[in-house]
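Q: Handing you a structure now.
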Amino acid sequence: LNKLPTTMKFNFPREYGVLTFEEGRDRDANETRPFIDDMRIGDHGWCYIEGQQYKTAGEVIHGLVDRAARGGGTLLNISPRADGTIPQGQVDTLRGVGEWLAVNGEAFFATRPWKIHAEGDRQKLMYYKRWWHYDKCDGSDIRFTRSKDATRLYVIVLGWPEGGKLHVASLGEKTRLADGPVKAVTLLDGAKPVQWTRTADGMDITLPAGTPKDRPAYALRIDVQGKL
């Protein structure tokens with residue numbers, strides 16, 4: 001790992017190894033080198049501190065998804081007590097992340113970045129224009145990944161879209177998606193097909209009736225004819 005300290009000089013030449021950024025500090029949104037962000041589970045320190053607050057499962061999930069969409073990874077730091085036990089608040093967060101991945105992992109594991117990484121206000125993720133934090137993500141924030149074989153595109157919205165309706169400007173007819181047309185759009189949670197239309201302005205998706213509104217994120221699979 002090739003870490004960027006506060007000196008703003010990597011430990012090794014920049015071309016060497018996997019770049020590592022503490023809480024994403026000073027990482028560019030379009031970093032072209034393989035990278036990892038360190039992410040602490042607590043709000044004050046990297047070790048166990050009595051009384052500190054822990055990141056929610058949603059915040060960790062949003063960080064995982066955002067970095068994967070940009071071609072990066074996450075090193076999540078947990079903070080056990082001196083006797084090795086993990087506080088219940090951290091356990092709850094980790095279990096919440098695991099439950100979401102059990103349903104939506106197809107859009108995350110073994111995927112690759114797509115040519116477009118994200119939609120949404122990036123500035124709200126930047127603390128003091130240096131650190132990346134993910135406690136303000138919502139249904140206006142969209143991320144993209146693709147399958148390794150480039151036959152499926154994944155759209156992940158980081159919160160409930162208003163009215164259950166999602167407008168994805170990046171997927172308008174002006175954007176070439178694949179060799180052929182879109183074949184189907186499916187919500188991974190429940191493997192439910194969704195209603196969608198595509199115009200020059202974007203793709204409009206309506207999530208199925210009865211979809212819970214309290215999920216940290218919603219992953220959709222877009223099957224295409226041919227290759228992305």
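A note on labels: chains of the structure tokens are A, B, ... as shown, every chain counts residues from 1, and ligands are counted from 1 in their shown order.
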Do a neighbour search on Tyr48 of chain A at 6 Å with only C-alpha atoms, toss out local chain neighbours closer than 6 positions, and write the hits as a PyMOL selection string.
A: chain A and resi 79-81
Q: In segment 30-121 of chain A, what's strand (DSSP E or B) per DSSP? Answer as a list in words?
A: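 After running DSSP on the backbone, segment 30-121 of chain A has strand (DSSP E or B) at Phe35, Ile36, Asp37, Asp38, Met39, Arg40, Gly42, Tyr54, Gly72, Gly73, Thr74, Leu75, Leu76, Asn77, Arg112, Pro113, Trp114, Lys115, Ile116, His117, Ala118 and Glu119 of chain A.
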Q: Would you mind exporting the chosen residues as a PDB file, in the first residue's frame, restricted to C-alpha atoms?
A:
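Listed below is the output, out_26.pdb:
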```pdb
ATOM      1  CA  PHE A  35      -6.874   3.017  -4.562  1.00  0.00           C
ATOM      2  CA  ILE A  36      -8.207   2.199  -1.121  1.00  0.00           C
ATOM      3  CA  ASP A  37      -9.764   4.577   1.390  1.00  0.00           C
ATOM      4  CA  ASP A  38      -9.308   3.805   5.082  1.00  0.00           C
ATOM      5  CA  MET A  39     -12.685   4.251   6.814  1.00  0.00           C
ATOM      6  CA  ARG A  40     -13.059   4.216  10.590  1.00  0.00           C
ATOM      7  CA  GLY A  42     -16.159   5.440  15.017  1.00  0.00           C
ATOM      8  CA  TYR A  54     -20.508   4.579  15.259  1.00  0.00           C
ATOM      9  CA  GLY A  72     -11.486   1.801  -5.493  1.00  0.00           C
ATOM     10  CA  GLY A  73     -11.844  -0.197  -2.318  1.00  0.00           C
ATOM     11  CA  THR A  74     -12.544   0.323   1.363  1.00  0.00           C
ATOM     12  CA  LEU A  75     -10.498  -0.717   4.373  1.00  0.00           C
ATOM     13  CA  LEU A  76     -13.013  -0.551   7.247  1.00  0.00           C
ATOM     14  CA  ASN A  77     -11.420  -0.089  10.659  1.00  0.00           C
ATOM     15  CA  ARG A 112     -15.918  -3.053 -12.520  1.00  0.00           C
ATOM     16  CA  PRO A 113     -16.332   0.716 -12.862  1.00  0.00           C
ATOM     17  CA  TRP A 114     -18.467   1.853 -15.773  1.00  0.00           C
ATOM     18  CA  LYS A 115     -17.497   4.770 -18.031  1.00  0.00           C
ATOM     19  CA  ILE A 116     -19.717   7.009 -15.866  1.00  0.00           C
ATOM     20  CA  HIS A 117     -19.181   6.737 -12.129  1.00  0.00           C
ATOM     21  CA  ALA A 118     -21.836   8.804 -10.458  1.00  0.00           C
ATOM     22  CA  GLU A 119     -24.702  11.271 -10.462  1.00  0.00           C
TER      23      GLU A 119
END
```
Q: Tell me, in Å to one decimal, how far atom CA of Ala184 of chain A is from atom CA of Val224 of chain A.
A: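 Spanning atom CA of Ala184 of chain A to atom CA of Val224 of chain A is a straight-line distance of 7.2 Å.
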Q: Fewer than 4 positions away in the same chain doesn't count, so skip those; otherwise give me all residues within 9 Å of segment 159-163 of chain A, counting only C-alpha atoms, as a CSV table (one decimal) with C-alpha atoms, in the first residue's frame.
A:
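Contents of the output file selection_27.csv:
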```csv
chain,number,residue,atom,x,y,z
A,58,GLY,CA,-26.1,2.9,5.5
A,137,CYS,CA,-26.3,10.5,0.8
A,138,ASP,CA,-29.9,10.2,-0.3
A,139,GLY,CA,-32.2,9.3,-3.2
A,140,SER,CA,-30.6,11.9,-5.4
A,141,ASP,CA,-27.2,10.1,-5.4
A,142,ILE,CA,-26.7,7.4,-8.0
A,167,HIS,CA,-34.6,9.7,-13.1
A,206,THR,CA,-40.5,3.3,-11.1
A,207,LEU,CA,-39.7,1.1,-8.2
A,212,PRO,CA,-39.6,-0.8,1.5
A,213,LYS,CA,-38.5,2.8,1.9
A,214,ASP,CA,-36.0,2.2,4.6
A,215,ARG,CA,-33.3,0.4,2.7
A,216,PRO,CA,-29.8,2.1,2.8
A,217,ALA,CA,-29.6,1.7,-1.0
A,218,TYR,CA,-31.4,0.2,-4.0
```
Q: Pick the closest to Glu99 of chain A from A:Asp204, A:Ile41, A:Ile61, A:Val182: which is it, counting only C-alpha atoms?
A: A:Ile61
Q: Which residue, A:Tyr127, A:Leu64, A:Phe10, A:Pro208, has the smallest gap to Gly98 of chain A when you use only C-alpha atoms?
A: A:Leu64
Q: For each of A:Ala69, A:Ala200, A:Val60, A:Ile49, take the minimum atom-to-atom distance to Ile86 of chain A, counting only C-alpha atoms, then give the residue where this is smallest.
A: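 Answer, going by the shortest atom-to-atom distance: A:Ile49.
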Q: Please report, as a PyMOL selection string, each residue of segment 26-137 of chain A to which DSSP assigns helix (DSSP H, G or I) when run on this structure's backbone.
A: chain A and resi 57-69+88-107+122-125
Q: Pick the closest to Thr186 of chain A from A:Arg25, A:Arg221, A:Arg14, A:Arg122: which is it, counting only C-alpha atoms?
A: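 Among the listed residues, A:Arg221 lies closest to Thr186 of chain A.
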Q: Could you tell me which of A:Gly105, A:Pro5, A:Gly120, A:Pro13 comes closest to Ala68 of chain A if we count only C-alpha atoms?
A: A:Gly105
Q: What's the separation between atom CA of Leu228 of chain A and atom CA of Leu153 of chain A, in Å to one decimal place?
A: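 Going from atom CA of Leu228 of chain A over to atom CA of Leu153 of chain A covers 7.6 Å.
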Q: Counting only C-alpha atoms, which residue out of A:Pro34, A:Gly45, A:Gly17, A:Gly172 sits closest to Arg198 of chain A?
A: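 Nearest to Arg198 of chain A: A:Gly172.
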Q: Mind pulling up the distance from atom CA of Met203 of chain A to atom CA of Trp100 of chain A?
A: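 We find that atom CA of Trp100 of chain A and atom CA of Met203 of chain A lie 24.8 Å from each other.
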Q: Would you mind listing what lies within 7 Å of Gly226 of chain A as a PDB file with C-alpha atoms, in the first residue's frame, with only C-alpha atoms counted and same-chain residues fewer than 6 positions away left out?
A:
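Listing of around_30.pdb after writing:
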```
ATOM      1  CA  THR A 151     -23.232  -7.651 -20.163  1.00  0.00           C
ATOM      2  CA  ALA A 178     -24.315  -1.362 -25.454  1.00  0.00           C
ATOM      3  CA  ASP A 179     -24.182  -2.944 -28.894  1.00  0.00           C
ATOM      4  CA  GLY A 180     -27.931  -3.537 -28.703  1.00  0.00           C
TER       5      GLY A 180
END
```
Q: Which polymer residues have any atom within 7 Å of an atom of Thr93 of chain A, counting only C-alpha atoms, with same-chain residues fewer than 3 positions away left out, as number ranges by chain?
A: A: 56-57, 89-90, 96-97
Q: Could those selected residues go to a file with C-alpha atoms, as a PDB file, in the first residue's frame?
A:
```
ATOM      1  CA  THR A  56     -24.524   3.441  10.514  1.00  0.00           C
ATOM      2  CA  ALA A  57     -24.697   0.493   8.151  1.00  0.00           C
ATOM      3  CA  GLY A  89     -23.060  -0.794  18.112  1.00  0.00           C
ATOM      4  CA  GLN A  90     -20.251  -1.927  15.809  1.00  0.00           C
ATOM      5  CA  GLY A  96     -26.481  -4.339   8.570  1.00  0.00           C
ATOM      6  CA  VAL A  97     -23.789  -4.134   5.897  1.00  0.00           C
TER       7      VAL A  97
END
```
